[in-house]
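Novice: Below are the C-alpha cells for one structure; questions will follow.
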Amino acid sequence: MISVVIPVYNAESFISKCVGSVLEQTFSDLELICVDDCSTDGSSELLDGFDDPRVRVIRFAENRGVSAARNAGLEAAVGDYLYFLDSDDWLDPDYLEAMFLQAQETGEDIIVNSNYIEEFPNEGKRALSSRFGFVEDEPGYYPMNVIQNRFPPVVWARLFRRGFLLEKGVRFPPPFVRNGTEDIFFTGLASSFHSKGFVFRGPYYHYLQRSESLLHQRDLCYHNIVSFKALHDERKNRNLPTEGLRLFYGGTVIVDTEEKFDFAKDFFTEIAPEVRRHKELYAPLDVFLMEAILICPDYAGFRERYNPNISISFIRSRMRI
C-alpha cells in the first residue's frame, strides 16, 4: 500500500537507523526503495545487509543528485501511496500507519502531518514543531496556500497518492535546483491542483540537524529563490495560477556574487506586482530584500548600498542590544 523512497548518498552513519525505523513500522504493507546515488562510503554494503524482502535497492552508476534519486524511486514504486524519507532521519513506529489511516478516511491525494522533532547530535537538545499559527490538535482542512505559506514545504511531512502524482506529472525538479530546496518545487507543484489540504498532528518525524547537511550551507536561501523561480515557471507553463501564492521567501539570503544579484533581480522584477498586491503573505524581511534589489541598477550599486549578507545585516540593524 505504501512505497517509501529513500535517496542515499554517503549515509553510512545514519542509514541503519533510518531504514530500521521503516522496517519496524506498525504498518507493514509497504515496500522500501533505497536509491544509492553512487555513494563512496559504506552505504552500499549496509543496504545489501538488510534481510527483508520489502527492501529494494536501485544503484546509480554516477552521482545524479537527490531529485534524480527520488524520481527514480517514484517511477519504480508500486504502492498506492508514496512517502519520501531522508536518509539521516527516522520515524516514530506508528508514523506511516497514522498517515495511511488519514488518507483512507479522507480520500485525499496529499496528507500533511505537522508533527516533527528537530534532533541534534547533542541528545539533550530537541525542538518540537509548533502549531504554526493554524494547525490545531484536531485534524482539519486548510486552504492550500495557507499550508504552503505557514508550514515548511518538506516532502517528508506529506503522504502522496501515487496515482495523483503520475496523473499530474509531478516530479522533482531539474539538477540546477539543489542544496535541499527540491522540496519547495515538488510540494508546491503537487499543491497547485487542490484548493484545500488535510493537516493533522500525528506521530513524530525525527529531523536530524547536523552542520554539514545540505540545509545548513551558507547559500541555502539563495537556492530557495532558485527553486521558487523554477516552480513559478512550471506553473506558468502549465497555466496554473500564481496569484495569491507566496512566490518566494528571503530568509538569510547572501547576495555575494553578481550572478546571484542578476538572477534575483530578474525574478523579482517579474513577480513584484503580485508580491506587492499580497504583502500579507510575506515577512517584512522578504519584501525588504526584494525592494532593496529592485532599486539598484546593478551589482556594483547594490554593494555600495548594502552588505552582501543583506538580510543578516538588516536584522542586526534593528536589534536593540
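Residue numbering restarts at 1 in every chain; chains get A, B, ... in the order shown in the C-alpha cells, and ligands count up from 1 in that same order.
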With a distance cut-off of 8 Å and only C-alpha atoms, select the neighbouring residues of Pro308 of chain A, excluding the residue or stretch itself and same-chain residues fewer than 4 positions from it, and output the selection as a PyMOL selection string.
Specialist: chain A and resi 254-256+303
Novice: Once you have the residues from the selection above, write them out as a PDB file, in the first residue's frame, restricted to C-alpha atoms.
Specialist:
```
ATOM      1  CA  ILE A 254      23.551  36.134   0.923  1.00  0.00           C
ATOM      2  CA  VAL A 255      23.812  38.108  -2.326  1.00  0.00           C
ATOM      3  CA  ASP A 256      27.587  37.838  -2.643  1.00  0.00           C
ATOM      4  CA  ARG A 303      27.370  46.570  -2.993  1.00  0.00           C
TER       5      ARG A 303
END
```
Novice: Extract, using only C-alpha atoms, all DNA, RNA and protein residues at most 7 Å from Trp90 of chain A, discarding same-chain residues fewer than 6 positions from it, and format them as a list in words.
Specialist: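 Once the adjacent positions are removed, what remains is Lys17, Cys18, Ser21, Tyr205 and His206 of chain A.
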Novice: Set the distance at 8 Å and use only C-alpha atoms: which residues neighbour Phe132 of chain A once local chain neighbours fewer than 2 positions away are removed? I'd like the list as a list in words.
Specialist: Ser130, Phe134, Val135, Arg150 and Phe151 of chain A
Novice: Find the residues of segment 63-84 of chain A that sit at most 6 Å from segment 155-168 of chain A; for each, write down the nearest two atoms and how far apart they are in Å, to one decimal. Count only C-alpha atoms. Sort by chain, then by number going up, and give it as CSV.
Specialist:
```
residue,atom,partner,partner_atom,distance
A:Asp80,CA,A:Arg162,CA,5.6
A:Tyr81,CA,A:Arg161,CA,4.4
A:Leu82,CA,A:Phe160,CA,5.2
A:Tyr83,CA,A:Leu159,CA,5.2
A:Phe84,CA,A:Trp156,CA,5.4
```
Novice: Identify which of the residues A:Glu75, A:Asp51, A:Asp88, A:Asp29 lies closest to Ile15 of chain A, counting only C-alpha atoms when measuring atom-to-atom distances.
Specialist: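 For Ile15 of chain A, the nearest of the given residues is A:Asp88.
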Novice: From a backbone DSSP assignment, name each residue in segment 100-249 of chain A labelled strand (DSSP E or B), as JSON, numbers by chain.
Specialist: {"A": [110, 111, 112, 113, 116, 117, 118, 119, 126, 127, 128, 140, 141, 142, 143, 158, 159, 160, 161, 196, 197, 198, 199, 200, 205, 206, 207, 208]}
Novice: Using only C-alpha atoms, which of A:Arg235, A:Lys196, A:Arg54, A:Lys125 sits nearest Tyr142 of chain A?
Specialist: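 That would be A:Lys196, the residue with the smallest distance to Tyr142 of chain A.
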Novice: Hey, which of A:Glu62, A:Asp286, A:Glu108, A:Asp298 ends up closest to Val253 of chain A? Count only C-alpha atoms.
Specialist: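 Among the listed residues, the smallest separation from Val253 of chain A belongs to A:Asp286.
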Novice: Take atom CA of Arg56 of chain A and atom CA of Glu97 of chain A and report the distance between them in Å, one decimal.
Specialist: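 Distance reported for this atom pair: 20.6 Å.
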Novice: Between atom CA of Ala68 of chain A and atom CA of Val5 of chain A, what is the spacing in Å?
Specialist: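 Interatomic distance, atom CA of Val5 of chain A to atom CA of Ala68 of chain A: 11.9 Å.
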Novice: Which one of A:Asp86, A:Glu182, A:Asp37, A:Asp94 sits closest to Ala61 of chain A if you count only C-alpha atoms?
Specialist: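 Ranking A:Asp86, A:Glu182, A:Asp37, A:Asp94 by distance to Ala61 of chain A, first place goes to A:Asp37.
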Novice: Can you pull out every residue within 12 Å of Thr106 of chain A, counting only C-alpha atoms, but drop anything in the same chain fewer than 3 positions away, and send it as a count of residues only?
Specialist: 17
Novice: Hey, which of A:Phe248, A:Phe14, A:Phe185, A:Phe60 ends up closest to Gly42 of chain A? Count only C-alpha atoms.
Specialist: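 Using only C-alpha atoms, the shortest distance to Gly42 of chain A belongs to A:Phe14.
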Novice: Excluding Ala272 of chain A and residues on its chain fewer than 3 positions from it, collect all residues at most 9 Å away from it, counting only C-alpha atoms, and give them as a PyMOL selection string.
Specialist: chain A and resi 267-269+275-277+290-291+294
Novice: Any chance you could export the current selection's N, CA and C atoms as a compact mmCIF listing (two decimals), in the first residue's frame?
Specialist:
```txt
# COMPACT_ATOMS: atom_id res chain seq x y z
N PHE A 267 14.06 37.81 -11.41
CA PHE A 267 12.88 37.13 -10.87
C PHE A 267 11.99 38.10 -10.12
N PHE A 268 12.60 38.94 -9.28
CA PHE A 268 11.81 39.89 -8.51
C PHE A 268 11.11 40.91 -9.41
N THR A 269 11.75 41.29 -10.50
CA THR A 269 11.11 42.21 -11.44
C THR A 269 9.84 41.59 -12.01
N VAL A 275 3.61 40.29 -5.64
CA VAL A 275 4.07 40.37 -4.26
C VAL A 275 3.49 41.61 -3.59
N ARG A 276 3.53 42.73 -4.27
CA ARG A 276 3.03 43.98 -3.68
C ARG A 276 1.52 43.94 -3.45
N ARG A 277 0.81 43.18 -4.28
CA ARG A 277 -0.63 43.04 -4.07
C ARG A 277 -0.96 42.13 -2.90
N MET A 290 13.44 42.16 -1.56
CA MET A 290 13.01 42.37 -2.94
C MET A 290 13.18 43.82 -3.35
N GLU A 291 12.68 44.72 -2.52
CA GLU A 291 12.73 46.14 -2.89
C GLU A 291 14.17 46.64 -2.91
N LEU A 294 15.62 45.58 -6.21
CA LEU A 294 14.99 46.21 -7.37
C LEU A 294 15.41 47.67 -7.55
```
Novice: Quick one, how far is atom CA of Val19 of chain A from atom CA of Gly188 of chain A?
Specialist: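 Rounded to one decimal, the two atoms are 27.1 Å apart.
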